[in-house]
$ cat input_33.cif   # mmCIF, C-alpha atoms
data_run
loop_
_atom_site.label_atom_id
_atom_site.label_comp_id
_atom_site.auth_asym_id
_atom_site.auth_seq_id
_atom_site.Cartn_x
_atom_site.Cartn_y
_atom_site.Cartn_z
CA MET A 1 112.42 144.77 97.30
CA LEU A 2 109.42 143.90 99.48
CA SER A 3 110.16 141.27 102.13
CA ARG A 4 107.26 139.22 100.74
CA THR A 5 108.94 139.06 97.32
CA ALA A 6 112.32 138.20 98.81
CA ASP A 7 110.69 135.50 100.96
CA SER A 8 109.02 133.88 97.93
CA LEU A 9 112.21 133.90 95.85
CA TYR A 10 114.14 132.39 98.77
CA TRP A 11 111.60 129.58 99.23
CA VAL A 12 111.10 128.85 95.54
CA SER A 13 114.77 127.95 95.32
CA ARG A 14 114.74 125.97 98.55
CA TYR A 15 111.78 123.86 97.46
CA VAL A 16 113.22 123.09 94.01
CA GLU A 17 116.55 122.15 95.60
CA ARG A 18 114.72 119.93 98.12
CA ALA A 19 112.80 118.13 95.36
CA GLU A 20 116.06 117.29 93.58
CA TYR A 21 117.58 116.10 96.85
CA LEU A 22 114.65 113.74 97.48
CA ALA A 23 115.02 112.33 93.97
CA ARG A 24 118.71 111.70 94.65
CA ILE A 25 117.88 109.95 97.93
CA LEU A 26 115.40 107.64 96.23
CA ASP A 27 117.76 106.92 93.35
CA ALA A 28 120.61 106.04 95.73
CA THR A 29 118.34 103.88 97.89
CA THR A 30 117.16 101.93 94.86
CA ARG A 31 120.80 101.28 93.92
CA LEU A 32 121.59 100.06 97.44
CA THR A 33 118.63 97.69 97.58
CA ASN A 34 119.69 96.17 94.26
CA LEU A 35 122.93 94.92 95.81
CA PRO A 36 123.56 91.18 95.37
CA SER A 37 122.61 89.21 98.48
CA ALA A 38 126.28 88.25 98.88
CA TYR A 39 126.95 91.80 100.13
CA GLY A 40 124.82 91.08 103.17
CA GLY A 41 123.04 94.39 103.60
CA ALA A 42 121.13 95.09 106.78
CA GLY A 43 117.84 95.84 105.05
CA THR A 44 117.71 99.35 106.56
CA GLU A 45 118.07 101.19 103.26
CA TRP A 46 114.45 102.36 102.94
CA GLN A 47 114.36 103.39 106.58
CA SER A 48 117.56 105.36 105.99
CA ALA A 49 115.89 107.19 103.08
CA VAL A 50 113.12 108.39 105.40
CA ALA A 51 115.68 109.35 108.06
CA THR A 52 117.77 111.28 105.52
CA ALA A 53 114.67 113.21 104.43
CA GLY A 54 114.05 114.17 108.07
CA CYS A 55 110.42 113.02 108.20
CA GLU A 56 110.45 109.80 110.25
CA ASP A 57 107.61 110.85 112.56
CA THR A 58 105.28 111.82 109.71
CA PHE A 59 106.08 108.60 107.87
CA ALA A 60 105.44 106.45 110.95
CA LYS A 61 101.95 107.93 111.31
CA ALA A 62 101.06 107.17 107.68
CA TYR A 63 102.70 103.77 107.11
CA GLY A 64 103.51 100.73 109.19
CA GLU A 65 106.59 99.57 107.31
CA ALA A 66 109.49 101.28 105.56
CA ASN A 67 109.50 99.27 102.32
CA GLU A 68 110.10 100.33 98.72
CA ARG A 69 106.47 100.97 97.80
CA ASN A 70 105.63 102.97 100.94
CA VAL A 71 108.77 105.09 100.96
CA CYS A 72 108.66 105.88 97.23
CA ASP A 73 105.01 106.93 97.49
CA PHE A 74 105.60 108.97 100.65
CA LEU A 75 108.64 110.87 99.42
CA SER A 76 107.41 111.31 95.85
CA PHE A 77 103.65 111.85 95.62
CA ASN A 78 101.97 111.78 99.04
CA PRO A 79 100.01 115.05 99.45
CA ASP A 80 100.00 114.57 103.23
CA ASN A 81 103.81 114.68 103.36
CA PRO A 82 104.71 118.39 103.44
CA THR A 83 108.14 117.66 101.95
CA SER A 84 107.23 115.17 99.21
CA ILE A 85 108.50 115.92 95.72
CA ARG A 86 104.93 116.70 94.68
CA ASN A 87 104.45 119.22 97.46
CA CYS A 88 107.89 120.76 96.91
CA PHE A 89 106.96 121.51 93.30
CA ALA A 90 103.48 122.70 94.34
CA LEU A 91 104.91 125.10 96.93
CA ALA A 92 107.65 126.28 94.58
CA ARG A 93 105.07 127.05 91.87
CA SER A 94 102.75 128.76 94.37
CA ASN A 95 105.54 131.03 95.58
CA ALA A 96 106.63 131.66 91.99
CA ARG A 97 103.11 132.72 90.98
CA ALA A 98 103.05 135.19 93.86
CA VAL A 99 106.15 136.93 92.48
CA ARG A 100 105.76 136.16 88.80
CA THR A 101 107.23 139.48 87.68
CA ALA A 102 110.38 138.88 89.77
CA LEU A 103 111.18 135.72 87.79
CA THR A 104 112.46 135.52 84.25
CA SER A 105 110.23 133.81 81.71
CA GLU A 106 112.66 130.88 81.50
CA MET A 107 112.44 130.27 85.25
CA TRP A 108 108.65 130.39 85.24
CA ASP A 109 108.39 128.10 82.23
CA ALA A 110 110.65 125.55 83.93
CA LEU A 111 108.47 125.49 87.06
CA ASN A 112 105.08 125.72 85.45
CA GLY A 113 105.94 123.09 82.85
CA ALA A 114 107.24 120.80 85.59
CA TRP A 115 103.97 121.10 87.52
CA LEU A 116 101.91 120.18 84.46
CA GLU A 117 104.18 117.23 83.63
CA LEU A 118 104.01 116.04 87.23
CA GLN A 119 100.26 115.52 86.90
CA ARG A 120 100.91 112.95 84.17
CA PHE A 121 103.46 111.12 86.31
CA GLU A 122 101.02 110.98 89.24
CA ARG A 123 98.41 109.22 87.10
CA LYS A 124 100.79 106.50 85.93
CA ARG A 125 101.26 103.09 87.48
CA MET A 126 105.04 103.01 87.49
CA ASP A 127 107.35 100.03 87.58
CA ARG A 128 110.99 100.46 88.65
CA GLU A 129 112.13 101.49 85.20
CA GLU A 130 109.44 104.12 84.86
CA PHE A 131 110.09 105.37 88.40
CA ALA A 132 113.79 105.73 87.59
CA ARG A 133 112.82 107.90 84.61
CA PHE A 134 110.65 109.99 86.93
CA LEU A 135 113.59 110.57 89.30
CA ASP A 136 115.83 111.58 86.39
CA TRP A 137 113.10 113.98 85.26
CA VAL A 138 112.96 115.60 88.73
CA LYS A 139 116.72 116.13 88.72
CA ASN A 140 116.56 117.61 85.21
CA VAL A 141 113.80 120.02 86.27
CA SER A 142 116.02 121.29 89.08
CA LEU A 143 119.00 121.64 86.75
CA THR A 144 116.88 123.53 84.20
CA PHE A 145 115.46 125.89 86.81
CA ASP A 146 118.86 126.44 88.42
CA GLY A 147 120.49 127.02 85.05
CA SER A 148 117.76 129.44 84.05
CA ALA A 149 118.27 131.45 87.23
CA TYR A 150 122.03 131.51 86.76
CA ARG A 151 121.86 132.49 83.08
CA THR A 152 118.95 134.94 83.03
CA MET A 153 118.47 136.69 86.40
CA LEU A 154 119.72 140.21 86.93
CA ARG A 155 122.43 140.21 89.60
CA ASP A 156 120.47 142.15 92.19
CA ASP A 157 118.77 141.41 95.52
CA GLY A 158 116.30 139.01 93.89
CA TYR A 159 119.13 136.85 92.59
CA TRP A 160 120.96 136.97 95.92
CA PHE A 161 117.91 135.82 97.90
CA SER A 162 117.28 133.06 95.36
CA ARG A 163 120.85 131.75 95.59
CA LEU A 164 120.81 132.11 99.35
CA GLY A 165 117.87 129.69 99.46
CA VAL A 166 119.71 127.18 97.26
CA ASN A 167 122.80 127.12 99.44
CA VAL A 168 121.07 126.98 102.83
CA GLU A 169 119.02 124.01 101.62
CA ARG A 170 121.96 122.31 99.93
CA ALA A 171 124.13 122.54 103.06
CA ASP A 172 121.40 120.86 105.12
CA ASN A 173 120.96 118.11 102.53
CA THR A 174 124.66 117.26 102.27
CA ALA A 175 125.01 117.11 106.05
CA ARG A 176 122.05 114.74 106.38
CA ILE A 177 123.39 112.42 103.68
CA LEU A 178 126.72 112.12 105.49
CA ASP A 179 125.13 111.52 108.88
CA VAL A 180 122.71 108.82 107.79
CA LYS A 181 125.36 106.89 105.87
CA TYR A 182 127.59 106.90 108.93
CA HIS A 183 124.96 105.73 111.39
CA VAL A 184 122.17 103.85 109.61
CA LEU A 185 123.26 101.98 106.54
CA LEU A 186 126.22 99.84 107.57
CA PRO A 187 125.05 96.85 109.66
CA GLU A 188 126.81 96.19 112.96
CA THR A 189 128.22 92.89 111.72
CA GLU A 190 129.76 94.42 108.57
CA LYS A 191 133.40 95.41 108.58
CA VAL A 192 134.14 99.09 108.03
CA GLY A 193 136.10 99.21 104.80
CA GLY A 194 134.49 95.99 103.57
CA SER A 195 132.72 95.52 100.25
CA LEU A 196 129.33 96.71 101.51
CA ASP A 197 130.85 99.80 103.14
CA TYR A 198 132.75 100.61 99.93
CA PHE A 199 129.64 100.28 97.76
CA GLN A 200 127.55 102.41 100.12
CA TRP A 201 130.12 105.23 100.20
CA THR A 202 130.44 105.10 96.41
CA THR A 203 126.66 105.35 96.12
CA MET A 204 126.65 108.36 98.46
CA LEU A 205 129.20 110.07 96.22
CA ARG A 206 127.00 109.37 93.20
CA GLU A 207 124.04 110.76 95.11
CA VAL A 208 125.69 114.18 95.38
CA SER A 209 127.32 114.01 91.91
CA ALA A 210 130.77 113.85 93.48
CA LEU A 211 132.27 110.52 92.43
CA THR A 212 134.25 111.93 89.50
CA ALA A 213 135.31 114.94 91.57
CA TYR A 214 136.52 112.60 94.33
CA HIS A 215 138.85 110.76 91.96
CA TRP A 216 140.12 114.00 90.45
CA VAL A 217 140.93 115.47 93.87
CA TYR A 218 142.35 112.47 95.74
CA ARG A 219 143.34 109.94 93.05
CA GLN A 220 142.80 107.12 95.55
CA ALA A 221 140.33 104.36 96.24
CA VAL A 222 137.19 105.42 98.08
CA LYS A 223 137.97 106.14 101.75
CA PRO A 224 135.44 107.49 104.29
CA VAL A 225 137.88 110.08 105.71
CA LEU A 226 138.54 111.53 102.25
CA ILE A 227 134.82 111.54 101.38
CA ALA A 228 134.13 113.45 104.60
CA ASP A 229 136.93 115.90 103.71
CA LEU A 230 135.47 116.42 100.22
CA LEU A 231 131.86 116.92 101.33
CA ILE A 232 132.60 118.98 104.45
CA LEU A 233 135.74 121.06 103.92
CA ASN A 234 136.64 121.21 100.22
CA ARG A 235 135.45 124.56 98.84
CA ARG A 236 135.95 123.43 95.24
CA MET A 237 133.14 120.87 95.67
CA PRO A 238 129.83 122.74 95.00
CA ARG A 239 127.82 120.64 97.45
CA SER A 240 130.33 120.69 100.29
CA LEU A 241 129.41 122.45 103.53
CA ALA A 242 132.35 124.84 103.14
CA SER A 243 131.38 125.76 99.56
CA CYS A 244 127.75 126.34 100.55
CA TYR A 245 128.79 128.63 103.41
CA GLU A 246 131.26 130.51 101.26
CA ASN A 247 128.32 131.30 98.95
CA ILE A 248 125.93 132.00 101.83
CA SER A 249 128.35 134.45 103.41
CA ARG A 250 128.97 136.22 100.08
CA PHE A 251 125.28 136.58 99.21
CA LEU A 252 124.39 137.77 102.72
CA ASP A 253 127.14 140.40 102.52
CA GLN A 254 125.80 141.59 99.15
CA ILE A 255 122.28 141.80 100.58
CA GLY A 256 123.59 143.61 103.64
CA ASP A 257 125.46 146.13 101.50
CA ALA A 258 122.41 146.72 99.30
CA TYR A 259 120.06 147.31 102.25
CA ASN A 260 122.68 148.74 104.60
CA ARG A 261 121.50 146.14 107.11
CA HIS A 262 124.29 143.88 108.31
CA GLY A 263 123.37 141.92 111.40
CA PRO A 264 123.19 138.50 113.07
CA ALA A 265 122.73 136.58 109.79
CA GLN A 266 126.04 137.85 108.41
CA ARG A 267 127.83 137.25 111.72
CA GLN A 268 126.54 133.70 112.07
CA ALA A 269 127.38 132.79 108.46
CA ARG A 270 130.92 134.14 108.83
CA LYS A 271 131.34 132.29 112.14
CA THR A 272 130.32 128.96 110.57
CA LEU A 273 132.55 129.56 107.54
CA THR A 274 135.52 130.39 109.80
CA ASN A 275 134.94 127.27 111.88
CA LEU A 276 134.91 125.13 108.74
CA ALA A 277 138.07 126.79 107.44
CA ASN A 278 139.93 126.25 110.72
CA THR A 279 138.86 122.66 111.42
CA PRO A 280 140.94 119.89 109.82
CA ILE A 281 139.12 116.67 108.95
CA GLU A 282 141.11 114.81 111.61
CA ALA A 283 139.60 117.07 114.27
CA VAL A 284 136.10 116.42 112.88
CA LEU A 285 136.56 112.66 113.09
CA GLN A 286 138.22 112.81 116.50
CA ARG A 287 135.27 114.73 117.86
CA GLY A 288 132.84 112.38 116.10
CA LEU A 289 131.31 112.82 112.64
CA HIS A 290 127.77 112.36 113.94
CA GLU A 291 128.24 114.98 116.67
CA PHE A 292 129.83 117.42 114.23
CA ILE A 293 127.01 117.00 111.71
CA GLU A 294 124.30 117.28 114.37
CA ASP A 295 125.75 120.59 115.53
CA PHE A 296 126.10 121.81 111.94
CA ILE A 297 122.46 121.01 111.09
CA THR A 298 121.34 122.83 114.24
CA GLU A 299 123.42 125.90 113.34
CA ASN A 300 122.24 125.82 109.72
CA ASN A 301 118.60 125.71 110.85
CA ARG A 302 119.31 128.58 113.24
CA LEU A 303 120.77 130.62 110.38
CA GLY A 304 117.62 129.98 108.35
CA HIS A 305 115.50 131.40 111.18
CA VAL A 306 117.79 134.40 111.56
CA ILE A 307 117.60 135.15 107.81
CA VAL A 308 113.80 135.10 108.00
CA GLU A 309 113.75 137.40 111.05
CA GLN A 310 116.29 139.82 109.60
CA TYR A 311 115.03 140.15 106.04
CA LEU A 312 111.87 138.18 105.24
CA GLN A 313 109.26 139.31 107.77
#
$ encode --input "input_33.cif" --output "structure tokens"
Amino acid sequence: MLSRTADSLYWVSRYVERAEYLARILDATTRLTNLPSAYGGAGTEWQSAVATAGCEDTFAKAYGEANERNVCDFLSFNPDNPTSIRNCFALARSNARAVRTALTSEMWDALNGAWLELQRFERKRMDREEFARFLDWVKNVSLTFDGSAYRTMLRDDGYWFSRLGVNVERADNTARILDVKYHVLLPETEKVGGSLDYFQWTTMLREVSALTAYHWVYRQAVKPVLIADLLILNRRMPRSLASCYENISRFLDQIGDAYNRHGPAQRQARKTLTNLANTPIEAVLQRGLHEFIEDFITENNRLGHVIVEQYLQ
């Protein structure tokens, strides 16, 4: 496979995964801002959405205030935001067109149809109810595309690069969600373990489709330490960091075997997976969740660069 084709397949999947992630952020933020005033939120929810998306500097240049209208526009439709949902779908479709013959017809139809439908959403003046339907639509597009890839792609290097993109992006997204909840949302005057803290953690679990899984695994009330364990170390949870790196390591090994080119990407992925396997959640919290997540995001970004240098240039 040409590196250009592999690069496009890798980024198509990353952009679709990122669009779904942004929709989940906005959905969760809307839920948090709808809390009764008795919960006493700090009013930082919309700022936390921008922080979670990793585009605070770009947002600050375009808008003066992180309120519902500005953040929803910026993360959903703003063409000047490189990582808006609109631009994620545009870039995914552009990459898909460049390698049209490497995609199955079902995958192309999911992306192309989504782009055409997005034009109709952009022209609408949406109230909260309509915007909620838009976010559900974005998540369904991602599920349709992901399901099409899983059900119809030949298990060869194209599939492996596509799934590699999904898991690298998903690991970054899960880490950012955990970090922002821990440091931004809960106001300083609010008791950890209080009603606001409980509702915010529950919303975070909903954001990554993990609330039901949490209760199946732990059979306890929502506790931050158990949520961190689920989303960092539990390999049975598809969005956990450990599960993502188990997949990343497997797909990189398959690519390496196919091309007879094992190198720094495989070594770094295995190193991260080993560290996750050998680190109990108590050690993570003792070190500091924020510090652990910061280091993980840095290492995940480094792996992305190494993958590009090793295979996609």
$ resolve_selection --input "input_33.cif" --expression "the PyMOL selection byres ((chain A and resi 206-221) around 9)" --output "PyMOL selection string"
chain A and resi 21+24-25+27-28+174+177+201-205+222-223+226-227+230-231+237+239
$ closest_residue --input "input_33.cif" --among "A:Tyr10, A:Gly288, A:His262, A:Asn34" --to "Leu91 of chain A" --atoms "only C-alpha atoms"
A:Tyr10
$ residues_around --input "input_33.cif" --residues "Ala62 of chain A" --least-positions-apart "4" --cutoff "10 Å" --atoms "all atoms listed in the file" --output "NGL selection string"
:A and (57-58 or 70 or 74 or 78 or 80-81)
$ write_last_selection --input "input_33.cif" --atoms "C-alpha atoms" --output "mmCIF file, keeping the file's coordinate frame"
data_model
loop_
_atom_site.group_PDB
_atom_site.id
_atom_site.type_symbol
_atom_site.label_atom_id
_atom_site.label_comp_id
_atom_site.auth_asym_id
_atom_site.auth_seq_id
_atom_site.Cartn_x
_atom_site.Cartn_y
_atom_site.Cartn_z
ATOM 1 C CA ASP A 57 107.610 110.850 112.560
ATOM 2 C CA THR A 58 105.280 111.820 109.710
ATOM 3 C CA ASN A 70 105.630 102.970 100.940
ATOM 4 C CA PHE A 74 105.600 108.970 100.650
ATOM 5 C CA ASN A 78 101.970 111.780 99.040
ATOM 6 C CA ASP A 80 100.000 114.570 103.230
ATOM 7 C CA ASN A 81 103.810 114.680 103.360
#
$ atom_distance --input "input_33.cif" --atom1 "atom CA of Ile297 of chain A" --atom2 "atom CA of Gln313 of chain A"
22.8 Å
$ residues_around --input "input_33.cif" --residues "Tyr15 of chain A" --least-positions-apart "2" --cutoff "9 Å" --atoms "only C-alpha atoms" --output "PyMOL selection string"
chain A and resi 10-13+17-20+83+85+87-92+165-166+169
$ closest_residue --input "input_33.cif" --among "A:Gly263, A:Asp7, A:Ala114, A:Trp46" --to "Val99 of chain A" --atoms "only C-alpha atoms"
A:Asp7
$ residues_around --input "input_33.cif" --residues "Ala258 of chain A" --least-positions-apart "5" --cutoff "12 Å" --atoms "all atoms listed in the file" --output "ChimeraX atom specification"
/A:1,155-158,160-161,251-253,311
$ closest_residue --input "input_33.cif" --among "A:Asn301, A:Gln268, A:Asn278, A:Ser48" --to "Asp179 of chain A" --atoms "only C-alpha atoms"
A:Ser48
$ resolve_selection --input "input_33.cif" --expression "the PyMOL selection byres ((chain A and resi 47) around 10)" --output "count of residues only"
19
$ residues_around --input "input_33.cif" --residues "Leu273 of chain A" --least-positions-apart "4" --cutoff "10 Å" --atoms "all atoms listed in the file" --output "mmCIF file with C-alpha atoms, in the frame of the given file"
data_model
loop_
_atom_site.group_PDB
_atom_site.id
_atom_site.type_symbol
_atom_site.label_atom_id
_atom_site.label_comp_id
_atom_site.auth_asym_id
_atom_site.auth_seq_id
_atom_site.Cartn_x
_atom_site.Cartn_y
_atom_site.Cartn_z
ATOM 1 C CA LEU A 233 135.740 121.060 103.920
ATOM 2 C CA LEU A 241 129.410 122.450 103.530
ATOM 3 C CA ALA A 242 132.350 124.840 103.140
ATOM 4 C CA SER A 243 131.380 125.760 99.560
ATOM 5 C CA CYS A 244 127.750 126.340 100.550
ATOM 6 C CA TYR A 245 128.790 128.630 103.410
ATOM 7 C CA GLU A 246 131.260 130.510 101.260
ATOM 8 C CA ASN A 247 128.320 131.300 98.950
ATOM 9 C CA ILE A 248 125.930 132.000 101.830
ATOM 10 C CA SER A 249 128.350 134.450 103.410
ATOM 11 C CA ARG A 267 127.830 137.250 111.720
ATOM 12 C CA GLN A 268 126.540 133.700 112.070
ATOM 13 C CA ALA A 269 127.380 132.790 108.460
ATOM 14 C CA ALA A 277 138.070 126.790 107.440
ATOM 15 C CA ASN A 278 139.930 126.250 110.720
#
$ closest_residue --input "input_33.cif" --among "A:Ile232, A:Gly64, A:Pro224, A:Arg125" --to "Pro280 of chain A" --atoms "only C-alpha atoms"
A:Ile232
$ closest_residue --input "input_33.cif" --among "A:Ser8, A:Ser148, A:Asn140, A:Ile255" --to "Ser94 of chain A" --atoms "all atoms listed in the file"
A:Ser8
$ residues_near_point --input "input_33.cif" --point "(105.8, 124.9, 86.7)" --cutoff "9 Å" --atoms "all atoms listed in the file" --output "compact mmCIF listing (two decimals) with C-alpha atoms, keeping the file's coordinate frame"
# COMPACT_ATOMS: atom_id res chain seq x y z
CA PHE A 89 106.96 121.51 93.30
CA ALA A 90 103.48 122.70 94.34
CA ALA A 92 107.65 126.28 94.58
CA ARG A 93 105.07 127.05 91.87
CA ALA A 96 106.63 131.66 91.99
CA MET A 107 112.44 130.27 85.25
CA TRP A 108 108.65 130.39 85.24
CA ASP A 109 108.39 128.10 82.23
CA ALA A 110 110.65 125.55 83.93
CA LEU A 111 108.47 125.49 87.06
CA ASN A 112 105.08 125.72 85.45
CA GLY A 113 105.94 123.09 82.85
CA ALA A 114 107.24 120.80 85.59
CA TRP A 115 103.97 121.10 87.52
CA LEU A 116 101.91 120.18 84.46
CA GLU A 117 104.18 117.23 83.63
$ closest_residue --input "input_33.cif" --among "A:Gln310, A:Asn95, A:Asn167, A:Thr144" --to "Gly256 of chain A" --atoms "only C-alpha atoms"
A:Gln310
$ atom_distance --input "input_33.cif" --atom1 "atom CA of Ile281 of chain A" --atom2 "atom CA of Arg236 of chain A"
15.6 Å
$ resolve_selection --input "input_33.cif" --expression "the PyMOL selection byres ((chain A and resi 303) around 10)" --output "PDB file with C-alpha atoms, keeping the file's coordinate frame"
ATOM      1  CA  VAL A 168     121.070 126.980 102.830  1.00  0.00           C
ATOM      2  CA  PRO A 264     123.190 138.500 113.070  1.00  0.00           C
ATOM      3  CA  ALA A 265     122.730 136.580 109.790  1.00  0.00           C
ATOM      4  CA  GLN A 266     126.040 137.850 108.410  1.00  0.00           C
ATOM      5  CA  ARG A 267     127.830 137.250 111.720  1.00  0.00           C
ATOM      6  CA  GLN A 268     126.540 133.700 112.070  1.00  0.00           C
ATOM      7  CA  ALA A 269     127.380 132.790 108.460  1.00  0.00           C
ATOM      8  CA  THR A 272     130.320 128.960 110.570  1.00  0.00           C
ATOM      9  CA  ILE A 297     122.460 121.010 111.090  1.00  0.00           C
ATOM     10  CA  THR A 298     121.340 122.830 114.240  1.00  0.00           C
ATOM     11  CA  GLU A 299     123.420 125.900 113.340  1.00  0.00           C
ATOM     12  CA  ASN A 300     122.240 125.820 109.720  1.00  0.00           C
ATOM     13  CA  ASN A 301     118.600 125.710 110.850  1.00  0.00           C
ATOM     14  CA  ARG A 302     119.310 128.580 113.240  1.00  0.00           C
ATOM     15  CA  GLY A 304     117.620 129.980 108.350  1.00  0.00           C
ATOM     16  CA  HIS A 305     115.500 131.400 111.180  1.00  0.00           C
ATOM     17  CA  VAL A 306     117.790 134.400 111.560  1.00  0.00           C
ATOM     18  CA  ILE A 307     117.600 135.150 107.810  1.00  0.00           C
ATOM     19  CA  VAL A 308     113.800 135.100 108.000  1.00  0.00           C
ATOM     20  CA  GLU A 309     113.750 137.400 111.050  1.00  0.00           C
TER      21      GLU A 309
END
$ atom_distance --input "input_33.cif" --atom1 "atom CA of Phe77 of chain A" --atom2 "atom CA of Arg176 of chain A"
21.5 Å
